[in-house]
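Following: one structure in structure tokens, then a few remarks.
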Amino acid sequence: MMSADKIGRNDPCPCGSGLKYKKCCLPSPEAQRAGDRISEFKEDLQQAAGDMEFASMEEVQAFVRAFQEERNRRPLDDFRGLSPHQMHRLLHFPLESPDVLQVSTMLDSEPDAPLAQLFGLLAEAIGEKGVKPTATGNFPRNASREIMQSFLGEEGYADYTRYGGINSEHDAPELHFTRVVAELAGFVRKYRGRFILSRPARAMLASTGQRELYPQLFRTHATKFNWAYQGGLVDVPFLQQGWAFTAYLLHLEGHRQQPATFYADAFRQAFPAVDIDLEEAPLYRSLEDTWRSFYTVQCLERFADFTGIAKVRGQGDRLLTPPQAITVQATPLLGRLIHFAHG
């Protein structure tokens, strides 16, 4: 019988299911790690119990429960000092876990971020009278061009359009993303056939600029807007679910410039099961390089850089630029916007 280490990932599974080995009996990295943790838990539990005697099954269950809760609050190296309990909160309830992190509701000064700059230009273009959308429901061409010219400057706009002009909102993905995020946040909507600013948006802009409005834009971008939307990227939902961990890594290491691969590898070390989400992606290179590219584009460029919590340098044409050539450094906005209780 063929040994497991000689079975190819795409070979038929030896169990006879007819499925590929990788889709059937091949242990996943996460399953292997879970098995190791279960074994370690059992050993530690036996050691903690020692020669203790229990009068009932209820006492046993109470002891195990207390032991497990204590373990779940121990920091793990793979989680960069966070405990399993803290990581659970970070992944599933990031905006409702003040004991782990807090996202500001009011900034002390105006935010410096591409998302904030583009929203400001979008709001200015909409103005008091609103803007009539195209037949396809997008921002009109001329207004899109004017916004991007103001955002990029003359030289930047010339470089941006060197392979083709802006003939629709979709030709300026950053503007399109901003408009979608603003609608999801309830700041821009269509009324009587025109794009208008909502009353809450107008009130906040008039009273505090983007100091109060931007944290809401940030939350919406992090939790509601699909980062893989548009651009031919494979949707790996866990990348976005872990947005707060990416921010936490920047909080820990972003004081100095790091290669994008540093953050991609740290995220993958914490969650090796993300490899499974890329199994069906077209792999033109190794799984490791594919993962690094996807993480760099979605988490660092489309999230961290676009929201202004990090500066990503050396960006190219999405998946064509190797992550090794891209560097990342946190910005002051990260500390002003997100407060971590650990690290």
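Letters A, B, ... go to the chains of the structure tokens in the order shown; residues in each chain start at 1; ligands are counted from 1 in the same order.
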
Close residues, segment 218-228 of chain A itself excluded, 9 Å, only C-alpha atoms, min 2 positions apart in chain, as JSON, numbers by chain: {"A": [95, 103, 115, 177, 178, 180, 181, 182, 184, 185, 213, 214, 215, 216, 230, 231, 232, 233, 234, 235, 236, 237, 239, 240, 241, 243, 244, 298, 299, 302, 303, 307]}

Segment 248-255 of chain A environment, 10 Å, only C-alpha atoms, sequence neighbours closer than 3 positions dropped, as an MDAnalysis selection string: chainID A and resid 79:80 82 90 101 242:245 258 262:263 266:267 300 304 309:311 328:332 334:335 338:340 342:343

Output N, CA, C and O atoms for every residue in the selection just made, as a short mmCIF file (atom, residue, chain, number, x, y, z; two decimals), in the first residue's frame.
data_model
loop_
_atom_site.label_atom_id
_atom_site.label_comp_id
_atom_site.auth_asym_id
_atom_site.auth_seq_id
_atom_site.Cartn_x
_atom_site.Cartn_y
_atom_site.Cartn_z
N PHE A 79 -0.05 33.67 17.83
CA PHE A 79 -1.00 34.78 17.84
C PHE A 79 -0.34 36.08 18.25
O PHE A 79 -1.01 37.05 18.56
N ARG A 80 1.00 36.08 18.27
CA ARG A 80 1.77 37.27 18.59
C ARG A 80 1.40 37.86 19.95
O ARG A 80 1.23 39.07 20.12
N LEU A 82 -1.36 37.26 21.75
CA LEU A 82 -2.78 37.21 22.08
C LEU A 82 -3.15 35.81 22.56
O LEU A 82 -2.56 34.82 22.13
N LEU A 90 -11.31 39.03 18.60
CA LEU A 90 -10.77 39.83 17.51
C LEU A 90 -11.37 39.41 16.17
O LEU A 90 -11.64 40.25 15.31
N LEU A 101 -9.68 45.64 21.64
CA LEU A 101 -9.41 46.82 20.82
C LEU A 101 -10.62 47.73 20.80
O LEU A 101 -11.75 47.30 21.06
N GLY A 242 -10.24 38.61 9.36
CA GLY A 242 -9.08 38.86 10.22
C GLY A 242 -8.52 40.26 10.09
O GLY A 242 -7.35 40.49 10.41
N TRP A 243 -9.35 41.22 9.66
CA TRP A 243 -8.84 42.59 9.46
C TRP A 243 -8.21 43.16 10.74
O TRP A 243 -7.19 43.86 10.68
N ALA A 244 -8.81 42.86 11.89
CA ALA A 244 -8.30 43.42 13.14
C ALA A 244 -6.94 42.81 13.49
O ALA A 244 -6.11 43.48 14.14
N PHE A 245 -6.70 41.56 13.09
CA PHE A 245 -5.39 40.96 13.36
C PHE A 245 -4.33 41.60 12.47
O PHE A 245 -3.20 41.83 12.90
N GLN A 258 8.68 47.28 6.88
CA GLN A 258 8.80 45.83 6.76
C GLN A 258 8.37 45.40 5.36
O GLN A 258 7.51 46.06 4.75
N PHE A 262 6.49 39.88 5.34
CA PHE A 262 6.54 39.73 6.80
C PHE A 262 5.13 39.59 7.36
O PHE A 262 4.85 38.72 8.18
N TYR A 263 4.23 40.47 6.93
CA TYR A 263 2.86 40.43 7.44
C TYR A 263 2.08 39.24 6.88
O TYR A 263 1.29 38.61 7.60
N ALA A 266 3.22 36.20 8.85
CA ALA A 266 2.75 36.21 10.24
C ALA A 266 1.26 35.84 10.31
O ALA A 266 0.84 35.12 11.22
N PHE A 267 0.49 36.32 9.36
CA PHE A 267 -0.94 35.98 9.32
C PHE A 267 -1.12 34.49 9.03
O PHE A 267 -1.93 33.81 9.68
N LEU A 300 -3.20 44.47 2.65
CA LEU A 300 -2.28 45.59 2.79
C LEU A 300 -2.62 46.74 1.85
O LEU A 300 -2.68 47.90 2.27
N ALA A 304 -5.29 48.24 4.40
CA ALA A 304 -4.44 49.09 5.25
C ALA A 304 -4.04 50.39 4.56
O ALA A 304 -4.13 51.47 5.15
N ILE A 309 -4.18 53.44 7.42
CA ILE A 309 -3.52 53.01 8.65
C ILE A 309 -2.10 52.51 8.38
O ILE A 309 -1.35 52.23 9.30
N ALA A 310 -1.74 52.39 7.11
CA ALA A 310 -0.37 52.01 6.74
C ALA A 310 -0.05 52.62 5.39
O ALA A 310 -0.94 52.97 4.61
N LYS A 311 1.23 52.76 5.13
CA LYS A 311 1.70 53.23 3.83
C LYS A 311 2.37 52.07 3.13
O LYS A 311 3.34 51.50 3.63
N VAL A 328 5.95 48.01 3.79
CA VAL A 328 4.79 48.47 4.55
C VAL A 328 5.26 49.13 5.84
O VAL A 328 6.17 48.64 6.50
N GLN A 329 4.61 50.23 6.18
CA GLN A 329 4.89 50.90 7.45
C GLN A 329 3.60 51.54 7.96
O GLN A 329 2.85 52.14 7.19
N ALA A 330 3.34 51.40 9.25
CA ALA A 330 2.14 51.99 9.84
C ALA A 330 2.23 53.51 9.80
O ALA A 330 3.32 54.08 9.80
N THR A 331 1.08 54.15 9.78
CA THR A 331 1.00 55.61 9.81
C THR A 331 0.50 56.06 11.17
O THR A 331 -0.06 55.27 11.93
N PRO A 332 0.64 57.35 11.49
CA PRO A 332 0.10 57.85 12.77
C PRO A 332 -1.41 57.64 12.90
O PRO A 332 -1.91 57.54 14.03
N LEU A 334 -3.12 55.03 12.39
CA LEU A 334 -3.42 53.75 13.03
C LEU A 334 -3.62 53.94 14.53
O LEU A 334 -4.61 53.46 15.11
N GLY A 335 -2.67 54.61 15.18
CA GLY A 335 -2.77 54.82 16.63
C GLY A 335 -3.89 55.75 17.04
O GLY A 335 -4.43 55.63 18.14
N ILE A 338 -7.30 53.25 16.04
CA ILE A 338 -7.50 51.96 16.69
C ILE A 338 -6.62 51.87 17.93
O ILE A 338 -5.41 52.10 17.86
N HIS A 339 -7.23 51.53 19.05
CA HIS A 339 -6.50 51.40 20.31
C HIS A 339 -6.55 49.95 20.76
O HIS A 339 -7.63 49.39 20.97
N PHE A 340 -5.37 49.34 20.90
CA PHE A 340 -5.27 47.94 21.34
C PHE A 340 -4.92 47.90 22.82
O PHE A 340 -4.07 48.67 23.30
N HIS A 342 -3.53 45.33 24.15
CA HIS A 342 -2.39 44.44 24.31
C HIS A 342 -1.32 44.84 23.32
O HIS A 342 -1.60 45.26 22.22
N GLY A 343 -0.07 44.65 23.71
CA GLY A 343 1.04 44.90 22.79
C GLY A 343 1.56 46.32 22.81
O GLY A 343 0.93 47.24 23.31
#

Neighbour list for Arg194 of chain A as a PyMOL selection string, cut-off 6 Å, only C-alpha atoms, skip fewer than 2 positions in-chain: chain A and resi 130-132+190-192

Residues of segment 109-277 of chain A in strand (DSSP E), written as a list of chain:residue names: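 Assigned to strand (DSSP E), within segment 109-277 of chain A: A:Val188, A:Arg189, A:Lys190, A:Tyr191, A:Arg194, A:Phe195, A:Ile196, A:Leu197, A:Gln258, A:Pro259.
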
Atom pair atom CA of Phe119 of chain A / atom CA of Ser97 of chain A: separation (Å): 28.0 Å

Non-local contacts of segment 162-174 of chain A (12 Å; only C-alpha atoms; under 4 positions in same chain excluded) as JSON, numbers by chain: {"A": [113, 114, 115, 116, 117, 118, 119, 122, 133, 134, 135, 136, 137, 138, 139, 140, 141, 142, 143, 144, 145, 146, 147, 148, 149, 151, 152, 155, 156, 157, 158, 178, 179, 180, 181, 227, 228, 229, 230, 231, 301, 302, 303, 305, 306, 307]}

Which residue of A:Arg202, A:Thr246, A:Ser109, A:Glu96 approaches Asp265 of chain A most closely, using only C-alpha atoms: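 Using only C-alpha atoms, the shortest distance to Asp265 of chain A belongs to A:Thr246.
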